[in-house]
Amino acid sequence: MNKMRRTNTFSVRKLPGFPAIAILCFAMLYAPIVVLVGYSFNAGSSLALWEGFSWHWYYAAWQNDQVQTAALLSVVVAVQASLYSTILATMAALGTTRTRPYRGQTAIYTMINQPLMVPEIVTAVALLICFAVIKQATDYRGLIYLVLAHTAFCIPFAYLPIRARLEDMDKSLETAAADLYATPWRCFKKVTLPLMWPGILAGAMLAFVISLDDVVITEFVKAPGQDTLPTYMLGQIRRAVTPEMNAISTALLAVSIIMVSLMFILSRKKSRE
Amino acid sequence: MSSSTKEKGLSDYEIAARRHELKTNLLLCTPALIILFIAASGPLFVMLLYSFLTPGDYGGVEYYASTEGWFKVFLNQDIFDDTVSLADAHLSIFWRSIRLSLLTTVTAIVLGFPTAYFIATRPLGSRNFWLFLITIPFWTNLLIRTFAIMEVIRNQGVINNLLIWIGIIDQPIQMLYTDFAIMLGMTYVYLPLMILPLYASMEKLDFSLVEAGYDLYATRLRVLLKIILPLIKPGLVAGSILVFIPSLGAYVTPRILGGGKNMMLGNLIELQFGQGRNWPLGAALSITLLLIVAIALLFYVRNVQKSAARHE
């Protein structure tokens with residue numbers, strides 16, 4: 001009897017215990033985030049005792065001058081870095097996909113993906129050294145260093161979805177346009193660009209999220225007073241932490257999740273076409 | 001080159017068109033490569049140069065060649081009697097970094113393997129949903145996720161409070177600022193990097209092979225070890241590399257969860273550029289870290305090539 005039951009439910013795909021570990025894994029991934037978000041609504045100033053629901057800490061964060069400045073700087077850097085890196089990545093993607101393989105292509109891939117392979121702390125320290133030399137020589141201490149560093153490490157993230165999109169497009173439409181005497185530029189503007197637009201948008205959003213979230217490189221490249229939201233938070237975590245930090249974190253999480261969801265939708269659109 | 005193109009019977013026009021295409025391609029790539037050279041690969045060479053200079057008194061460097069930075073990576077010279085000994089502090093940090101990164105990788109496999117398998121065996125329609133649940137934490141801020149772990153394992157955190165409330169313990173367990181905390185945090189933040197490549201290779205798993213194994217009276221364990229595991233090895237290796245490399249270079253997670261005492265390589269490097277005021281040593285340490293990463297990547301590439309060769 002027992003044996004019969006076993007053969008009835010036997011499935012080649014099932015492995016005992018695996019679903020349980022998987023559920024545990026999902027719980028582990030989300031539980032800390034849920035706790036973090038939960039305490040951002042705590043009325044009291046403790047991260048242990050729940051004293052009722054309140055928007056107090058969001059209001060406090062909103063009123064905090066340092067948070068405002070840091071948030072503004074984060075957005076300024078992220079907008080610039082994502083814009084520049086997306087333009088550069090789009091051009092590079094056009095130059096590396098849908099073409100006959102050429103010598104040096106692998107070298108170009110390696111260079112584009114280099115920020116993904118080198119540990120962030122190494123890049124950060126190397127940039128600290130380089131920019132220190134430039135700062136000493138030129139005495140210029142503006143935002144350009146941050147924007148430059150962010151643009152560089154955002155390029156591979158912007159490049160990936162754009163390249164994936166381009167590889168899915170076949171060249172027949174562009175050939176048709178060229179056959180109808182469209183100039184290369186007109187052909188690009190009217191045919192190629194509209195077709196690759198979802199990829200470009202996805203790449204830009206990814207770059208924006210990556211730039212917005214960066215801690216390590218920003219921490220080493222920034223001049224005094226150039227705190228972004230993550231480096232401001234890193235500095236605060238060492239001191240006494242109030243639910244204000246949870247409120248800022250929750251806001252940042254919300255931005256990331258919205259962006260990633262949009263990106264997900266954009267890339268799914270691709271596969272349906 | 002020209003003889004081979006002539007063999008293919010290309011006309012002059014076609015050769016010119018190909019040349020033009022190549023020129024356009026390279027022109028399109030140039031701006032990105034310039035920026036990457038200025039702010040990603042170029043600085044690494046400058047750092048290599050710096051590792052052979054003399055440290056300045058207040059940070060920075062003096063422009064005199066010296067191998068002292070490299071010397072100090074593994075060795076210590078006594079100030080008084082000039083005896084040379086191994087730099088125990090550095091070695092223990094190297095050892096901790098490697099040990100914790102390996103532990104993190106193994107834990108990520110133990111948790112990630114069943115999870116990836118679970119997702120890969122869902123019906124097609126719901127797979128994207130489960131994958132999305134893995135992707136979301138992956139794209140959210142690492143600092144925030146580390147901060148979330150910190151809140152959960154603090155002495156007054158949810159776990160300790162819960163255990164005290166149930167009555168299992170009456171004193172909070174010190175979890176924060178330990179090696180365990182670092183490992184837990186790194187597993188937490190890098191777990192998606194294990195699950196995603198594992199899933200990618202499990203998705204392609206041919207279950208008729210699994211079924212054949214069962215038909216031949218293999219036990220579940222045997223099927224898992226002898227059929228499933230060899231087939232998804234590329235994903236397993238990719239996932240392990242993707243977890244191991246960032247763990248080794250982790251900076252934020254050990255800084256927040258390890259406190260001041262339990263340093264990893266990333267924190268040791270930072271120290272040389274801050275209070276340590278020894279930029280050449282910091283540069284030499286960074287390059288050492290880079291070399292370990294390069295070895296891990298080479299191992300990965302060789303593994304991929306081997307399995308690719310086997311499939312041909």
# chains A, B, ... in the order shown; residues from 1 in each chain; ligands from 1
$ residues_around --residues "Leu26 in chain B" --least-positions-apart "5" --cutoff "12 Å" --atoms "only C-alpha atoms" --output "VMD selection string"
(chain A and resid 91 to 97 99 102 to 105 107 to 108) or (chain B and resid 19 to 21 31 to 34)
$ write_last_selection --atoms "N, CA and C atoms" --output "PDB file, in the first residue's frame"
ATOM      1  N   MET A  91      26.601  53.462 -28.549  1.00  0.00           N
ATOM      2  CA  MET A  91      27.549  53.510 -29.659  1.00  0.00           C
ATOM      3  C   MET A  91      28.399  52.245 -29.681  1.00  0.00           C
ATOM      4  N   ALA A  92      28.903  51.854 -28.502  1.00  0.00           N
ATOM      5  CA  ALA A  92      29.766  50.672 -28.440  1.00  0.00           C
ATOM      6  C   ALA A  92      28.990  49.423 -28.852  1.00  0.00           C
ATOM      7  N   ALA A  93      27.710  49.340 -28.459  1.00  0.00           N
ATOM      8  CA  ALA A  93      26.906  48.174 -28.828  1.00  0.00           C
ATOM      9  C   ALA A  93      26.719  48.126 -30.341  1.00  0.00           C
ATOM     10  N   LEU A  94      26.491  49.303 -30.950  1.00  0.00           N
ATOM     11  CA  LEU A  94      26.356  49.344 -32.413  1.00  0.00           C
ATOM     12  C   LEU A  94      27.652  48.912 -33.085  1.00  0.00           C
ATOM     13  N   GLY A  95      28.763  49.207 -32.443  1.00  0.00           N
ATOM     14  CA  GLY A  95      30.059  48.878 -33.035  1.00  0.00           C
ATOM     15  C   GLY A  95      30.505  47.448 -32.779  1.00  0.00           C
ATOM     16  N   THR A  96      29.790  46.713 -31.912  1.00  0.00           N
ATOM     17  CA  THR A  96      30.266  45.363 -31.596  1.00  0.00           C
ATOM     18  C   THR A  96      29.255  44.271 -31.929  1.00  0.00           C
ATOM     19  N   THR A  97      28.026  44.634 -32.292  1.00  0.00           N
ATOM     20  CA  THR A  97      27.049  43.575 -32.598  1.00  0.00           C
ATOM     21  C   THR A  97      26.666  43.628 -34.074  1.00  0.00           C
ATOM     22  N   THR A  99      27.867  42.422 -36.657  1.00  0.00           N
ATOM     23  CA  THR A  99      28.929  42.745 -37.589  1.00  0.00           C
ATOM     24  C   THR A  99      29.785  41.503 -37.789  1.00  0.00           C
ATOM     25  N   TYR A 102      35.657  40.927 -35.916  1.00  0.00           N
ATOM     26  CA  TYR A 102      36.907  41.552 -36.332  1.00  0.00           C
ATOM     27  C   TYR A 102      37.948  41.444 -35.234  1.00  0.00           C
ATOM     28  N   ARG A 103      39.185  41.629 -35.625  1.00  0.00           N
ATOM     29  CA  ARG A 103      40.269  41.507 -34.668  1.00  0.00           C
ATOM     30  C   ARG A 103      40.153  42.635 -33.635  1.00  0.00           C
ATOM     31  N   GLY A 104      40.337  42.328 -32.396  1.00  0.00           N
ATOM     32  CA  GLY A 104      40.241  43.355 -31.362  1.00  0.00           C
ATOM     33  C   GLY A 104      38.879  43.380 -30.693  1.00  0.00           C
ATOM     34  N   GLN A 105      37.919  42.627 -31.244  1.00  0.00           N
ATOM     35  CA  GLN A 105      36.572  42.632 -30.662  1.00  0.00           C
ATOM     36  C   GLN A 105      36.588  42.086 -29.231  1.00  0.00           C
ATOM     37  N   ALA A 107      39.084  42.118 -27.201  1.00  0.00           N
ATOM     38  CA  ALA A 107      39.734  43.115 -26.348  1.00  0.00           C
ATOM     39  C   ALA A 107      38.730  44.199 -25.951  1.00  0.00           C
ATOM     40  N   ILE A 108      37.880  44.587 -26.909  1.00  0.00           N
ATOM     41  CA  ILE A 108      36.873  45.614 -26.601  1.00  0.00           C
ATOM     42  C   ILE A 108      35.882  45.089 -25.561  1.00  0.00           C
TER      43      ILE A 108
ATOM     44  N   ARG B  19      36.173  47.280 -45.091  1.00  0.00           N
ATOM     45  CA  ARG B  19      37.089  48.200 -44.413  1.00  0.00           C
ATOM     46  C   ARG B  19      36.316  49.343 -43.782  1.00  0.00           C
ATOM     47  N   HIS B  20      35.348  49.842 -44.541  1.00  0.00           N
ATOM     48  CA  HIS B  20      34.540  50.949 -44.047  1.00  0.00           C
ATOM     49  C   HIS B  20      33.772  50.523 -42.794  1.00  0.00           C
ATOM     50  N   GLU B  21      33.223  49.294 -42.828  1.00  0.00           N
ATOM     51  CA  GLU B  21      32.456  48.782 -41.692  1.00  0.00           C
ATOM     52  C   GLU B  21      33.350  48.701 -40.452  1.00  0.00           C
ATOM     53  N   PRO B  31      34.751  56.246 -28.037  1.00  0.00           N
ATOM     54  CA  PRO B  31      34.445  57.109 -26.876  1.00  0.00           C
ATOM     55  C   PRO B  31      34.294  56.322 -25.578  1.00  0.00           C
ATOM     56  N   ALA B  32      33.586  55.183 -25.644  1.00  0.00           N
ATOM     57  CA  ALA B  32      33.412  54.366 -24.431  1.00  0.00           C
ATOM     58  C   ALA B  32      34.754  53.867 -23.929  1.00  0.00           C
ATOM     59  N   LEU B  33      35.611  53.447 -24.865  1.00  0.00           N
ATOM     60  CA  LEU B  33      36.907  52.904 -24.455  1.00  0.00           C
ATOM     61  C   LEU B  33      37.777  53.983 -23.817  1.00  0.00           C
ATOM     62  N   ILE B  34      37.673  55.214 -24.339  1.00  0.00           N
ATOM     63  CA  ILE B  34      38.469  56.301 -23.751  1.00  0.00           C
ATOM     64  C   ILE B  34      38.055  56.539 -22.302  1.00  0.00           C
TER      65      ILE B  34
END
$ residues_around --residues "Gly185 in chain B" --least-positions-apart "4" --cutoff "8 Å" --atoms "only C-alpha atoms" --output "MDAnalysis selection string"
chainID B and resid 146 149 181 189 253 257
$ write_last_selection --atoms "N, CA and C atoms" --output "PDB file, in the first residue's frame"
ATOM      1  N   THR B 146      22.810  45.254   3.691  1.00  0.00           N
ATOM      2  CA  THR B 146      23.708  44.985   4.819  1.00  0.00           C
ATOM      3  C   THR B 146      23.151  45.600   6.094  1.00  0.00           C
ATOM      4  N   ILE B 149      20.436  43.454   7.502  1.00  0.00           N
ATOM      5  CA  ILE B 149      20.979  42.314   8.252  1.00  0.00           C
ATOM      6  C   ILE B 149      21.466  42.769   9.626  1.00  0.00           C
ATOM      7  N   ALA B 181      28.863  37.125  11.430  1.00  0.00           N
ATOM      8  CA  ALA B 181      28.035  38.207  10.893  1.00  0.00           C
ATOM      9  C   ALA B 181      28.475  38.563   9.472  1.00  0.00           C
ATOM     10  N   VAL B 189      23.886  39.104   0.688  1.00  0.00           N
ATOM     11  CA  VAL B 189      23.925  40.051  -0.427  1.00  0.00           C
ATOM     12  C   VAL B 189      24.335  39.396  -1.742  1.00  0.00           C
ATOM     13  N   THR B 253      30.293  45.335   3.584  1.00  0.00           N
ATOM     14  CA  THR B 253      29.720  44.349   4.492  1.00  0.00           C
ATOM     15  C   THR B 253      30.611  44.108   5.714  1.00  0.00           C
ATOM     16  N   LEU B 257      29.325  45.005   9.415  1.00  0.00           N
ATOM     17  CA  LEU B 257      28.981  43.858  10.245  1.00  0.00           C
ATOM     18  C   LEU B 257      30.163  43.324  11.051  1.00  0.00           C
TER      19      LEU B 257
END
$ interface_residues --of "chain A" --to "chain B" --cutoff "6 Å" --atoms "only C-alpha atoms" --output "PDB file with C-alpha atoms, in the first residue's frame"
ATOM      1  CA  VAL A  12      11.368  12.740 -11.781  1.00  0.00           C
ATOM      2  CA  PHE A  18      14.462  21.139  -1.984  1.00  0.00           C
ATOM      3  CA  PRO A  19      11.204  23.121  -1.938  1.00  0.00           C
ATOM      4  CA  ALA A  22      13.881  27.194  -1.457  1.00  0.00           C
ATOM      5  CA  PRO A  32      15.369  41.522   6.750  1.00  0.00           C
ATOM      6  CA  ILE A  33      13.995  43.956   4.165  1.00  0.00           C
ATOM      7  CA  LEU A  36      13.784  47.317   7.797  1.00  0.00           C
ATOM      8  CA  ALA A  48      13.595  47.269  18.808  1.00  0.00           C
ATOM      9  CA  LEU A  88      28.593  55.617 -24.927  1.00  0.00           C
ATOM     10  CA  MET A  91      27.549  53.510 -29.659  1.00  0.00           C
ATOM     11  CA  ALA A  92      29.766  50.672 -28.440  1.00  0.00           C
ATOM     12  CA  GLY A  95      30.059  48.878 -33.035  1.00  0.00           C
ATOM     13  CA  PRO A 119      36.778  44.359  -7.185  1.00  0.00           C
ATOM     14  CA  VAL A 122      40.567  48.161  -6.092  1.00  0.00           C
ATOM     15  CA  ALA A 126      43.177  53.363  -7.988  1.00  0.00           C
ATOM     16  CA  LEU A 127      40.843  56.276  -8.764  1.00  0.00           C
ATOM     17  CA  CYS A 130      44.832  59.107  -9.943  1.00  0.00           C
ATOM     18  CA  ALA A 149      33.953  57.468 -12.225  1.00  0.00           C
ATOM     19  CA  ALA A 152      32.814  54.415 -16.377  1.00  0.00           C
ATOM     20  CA  ASP A 213      23.361  52.738  -5.200  1.00  0.00           C
ATOM     21  CA  SER A 256      15.278  50.754  -7.178  1.00  0.00           C
TER      22      SER A 256
END
$ select_by_dssp --residues "range 161-303 of chain B" --states "alpha helix (DSSP H)" --output "PyMOL selection string"
chain B and resi 161-166+179-203+207-215+220-223+229-231+233-248+252-257+265-273+279-303
$ write_last_selection --atoms "C-alpha atoms" --output "short mmCIF file (atom, residue, chain, number, x, y, z; two decimals), in the first residue's frame"
data_model
loop_
_atom_site.label_atom_id
_atom_site.label_comp_id
_atom_site.auth_asym_id
_atom_site.auth_seq_id
_atom_site.Cartn_x
_atom_site.Cartn_y
_atom_site.Cartn_z
CA ASN B 161 14.38 39.63 21.01
CA LEU B 162 12.39 36.75 19.60
CA LEU B 163 14.65 34.13 21.19
CA ILE B 164 14.46 35.90 24.55
CA TRP B 165 10.69 36.23 24.27
CA ILE B 166 10.30 32.52 23.55
CA ASP B 179 33.14 36.65 11.53
CA PHE B 180 29.79 34.88 11.47
CA ALA B 181 28.03 38.21 10.89
CA ILE B 182 30.32 38.98 7.94
CA MET B 183 29.70 35.57 6.41
CA LEU B 184 25.96 35.81 6.93
CA GLY B 185 25.89 39.30 5.42
CA MET B 186 27.93 38.31 2.39
CA THR B 187 25.81 35.21 1.81
CA TYR B 188 22.74 37.40 2.01
CA VAL B 189 23.92 40.05 -0.43
CA TYR B 190 25.59 37.72 -2.97
CA LEU B 191 23.09 34.83 -2.93
CA PRO B 192 21.27 36.01 -6.10
CA LEU B 193 24.61 35.85 -7.93
CA MET B 194 24.69 32.12 -7.19
CA ILE B 195 21.04 31.42 -7.97
CA LEU B 196 20.82 33.18 -11.33
CA PRO B 197 23.61 31.29 -13.18
CA LEU B 198 22.57 28.02 -11.51
CA TYR B 199 19.05 28.56 -12.77
CA ALA B 200 20.32 29.40 -16.25
CA SER B 201 21.97 25.99 -16.56
CA MET B 202 19.17 24.08 -14.80
CA GLU B 203 16.60 25.55 -17.15
CA PHE B 207 14.82 15.68 -17.61
CA SER B 208 14.61 12.64 -19.85
CA LEU B 209 18.17 11.90 -18.70
CA VAL B 210 17.01 12.13 -15.09
CA GLU B 211 14.12 9.81 -15.89
CA ALA B 212 16.50 7.36 -17.55
CA GLY B 213 18.54 7.34 -14.37
CA TYR B 214 15.50 6.44 -12.28
CA ASP B 215 14.48 3.79 -14.81
CA ARG B 220 17.60 10.08 -5.77
CA LEU B 221 21.01 10.88 -4.33
CA ARG B 222 22.75 9.03 -7.11
CA VAL B 223 20.71 10.82 -9.76
CA LEU B 229 25.35 17.81 -10.89
CA PRO B 230 27.65 17.09 -13.87
CA LEU B 231 25.11 18.62 -16.26
CA LYS B 233 28.50 22.18 -13.52
CA PRO B 234 29.04 25.26 -15.74
CA GLY B 235 26.36 27.15 -13.82
CA LEU B 236 27.78 25.98 -10.52
CA VAL B 237 31.27 27.16 -11.41
CA ALA B 238 29.98 30.50 -12.75
CA GLY B 239 27.90 31.07 -9.62
CA SER B 240 30.79 30.19 -7.32
CA ILE B 241 33.10 32.63 -9.12
CA LEU B 242 30.45 35.35 -9.06
CA VAL B 243 30.04 34.92 -5.29
CA PHE B 244 33.69 34.31 -4.42
CA ILE B 245 35.17 37.33 -6.22
CA PRO B 246 33.01 40.09 -4.72
CA SER B 247 33.24 38.38 -1.29
CA LEU B 248 37.00 38.50 -1.45
CA VAL B 252 30.99 47.59 2.95
CA THR B 253 29.72 44.35 4.49
CA PRO B 254 32.74 43.65 6.75
CA ARG B 255 32.95 47.34 7.64
CA ILE B 256 29.38 47.40 8.92
CA LEU B 257 28.98 43.86 10.24
CA LEU B 265 41.23 42.69 2.70
CA GLY B 266 39.07 45.58 1.49
CA ASN B 267 39.21 47.21 4.92
CA LEU B 268 42.94 46.64 5.23
CA ILE B 269 43.43 48.40 1.90
CA GLU B 270 41.26 51.31 3.00
CA LEU B 271 43.23 51.58 6.23
CA GLN B 272 46.46 52.22 4.31
CA PHE B 273 44.87 55.18 2.54
CA TRP B 279 49.73 54.42 -0.02
CA PRO B 280 52.38 52.16 -1.60
CA LEU B 281 51.45 49.33 0.78
CA GLY B 282 47.76 49.94 0.01
CA ALA B 283 48.51 49.84 -3.71
CA ALA B 284 50.54 46.63 -3.34
CA LEU B 285 47.72 45.03 -1.32
CA SER B 286 45.19 46.04 -3.99
CA ILE B 287 47.29 44.48 -6.72
CA THR B 288 47.66 41.31 -4.66
CA LEU B 289 43.87 41.15 -4.36
CA LEU B 290 43.58 41.75 -8.09
CA LEU B 291 45.99 38.86 -8.76
CA ILE B 292 43.94 36.45 -6.61
CA VAL B 293 40.84 37.51 -8.53
CA ALA B 294 42.67 37.01 -11.83
CA ILE B 295 43.65 33.48 -10.79
CA ALA B 296 40.03 32.70 -9.90
CA LEU B 297 38.86 34.07 -13.28
CA LEU B 298 41.49 32.05 -15.15
CA PHE B 299 40.34 28.93 -13.36
CA TYR B 300 36.81 29.75 -14.49
CA VAL B 301 37.77 30.38 -18.12
CA ARG B 302 39.74 27.14 -18.28
CA ASN B 303 36.80 25.26 -16.81
#
$ atom_distance --atom1 "CA of Ser45 in chain A" --atom2 "CA of Glu244 in chain A"
8.5 Å
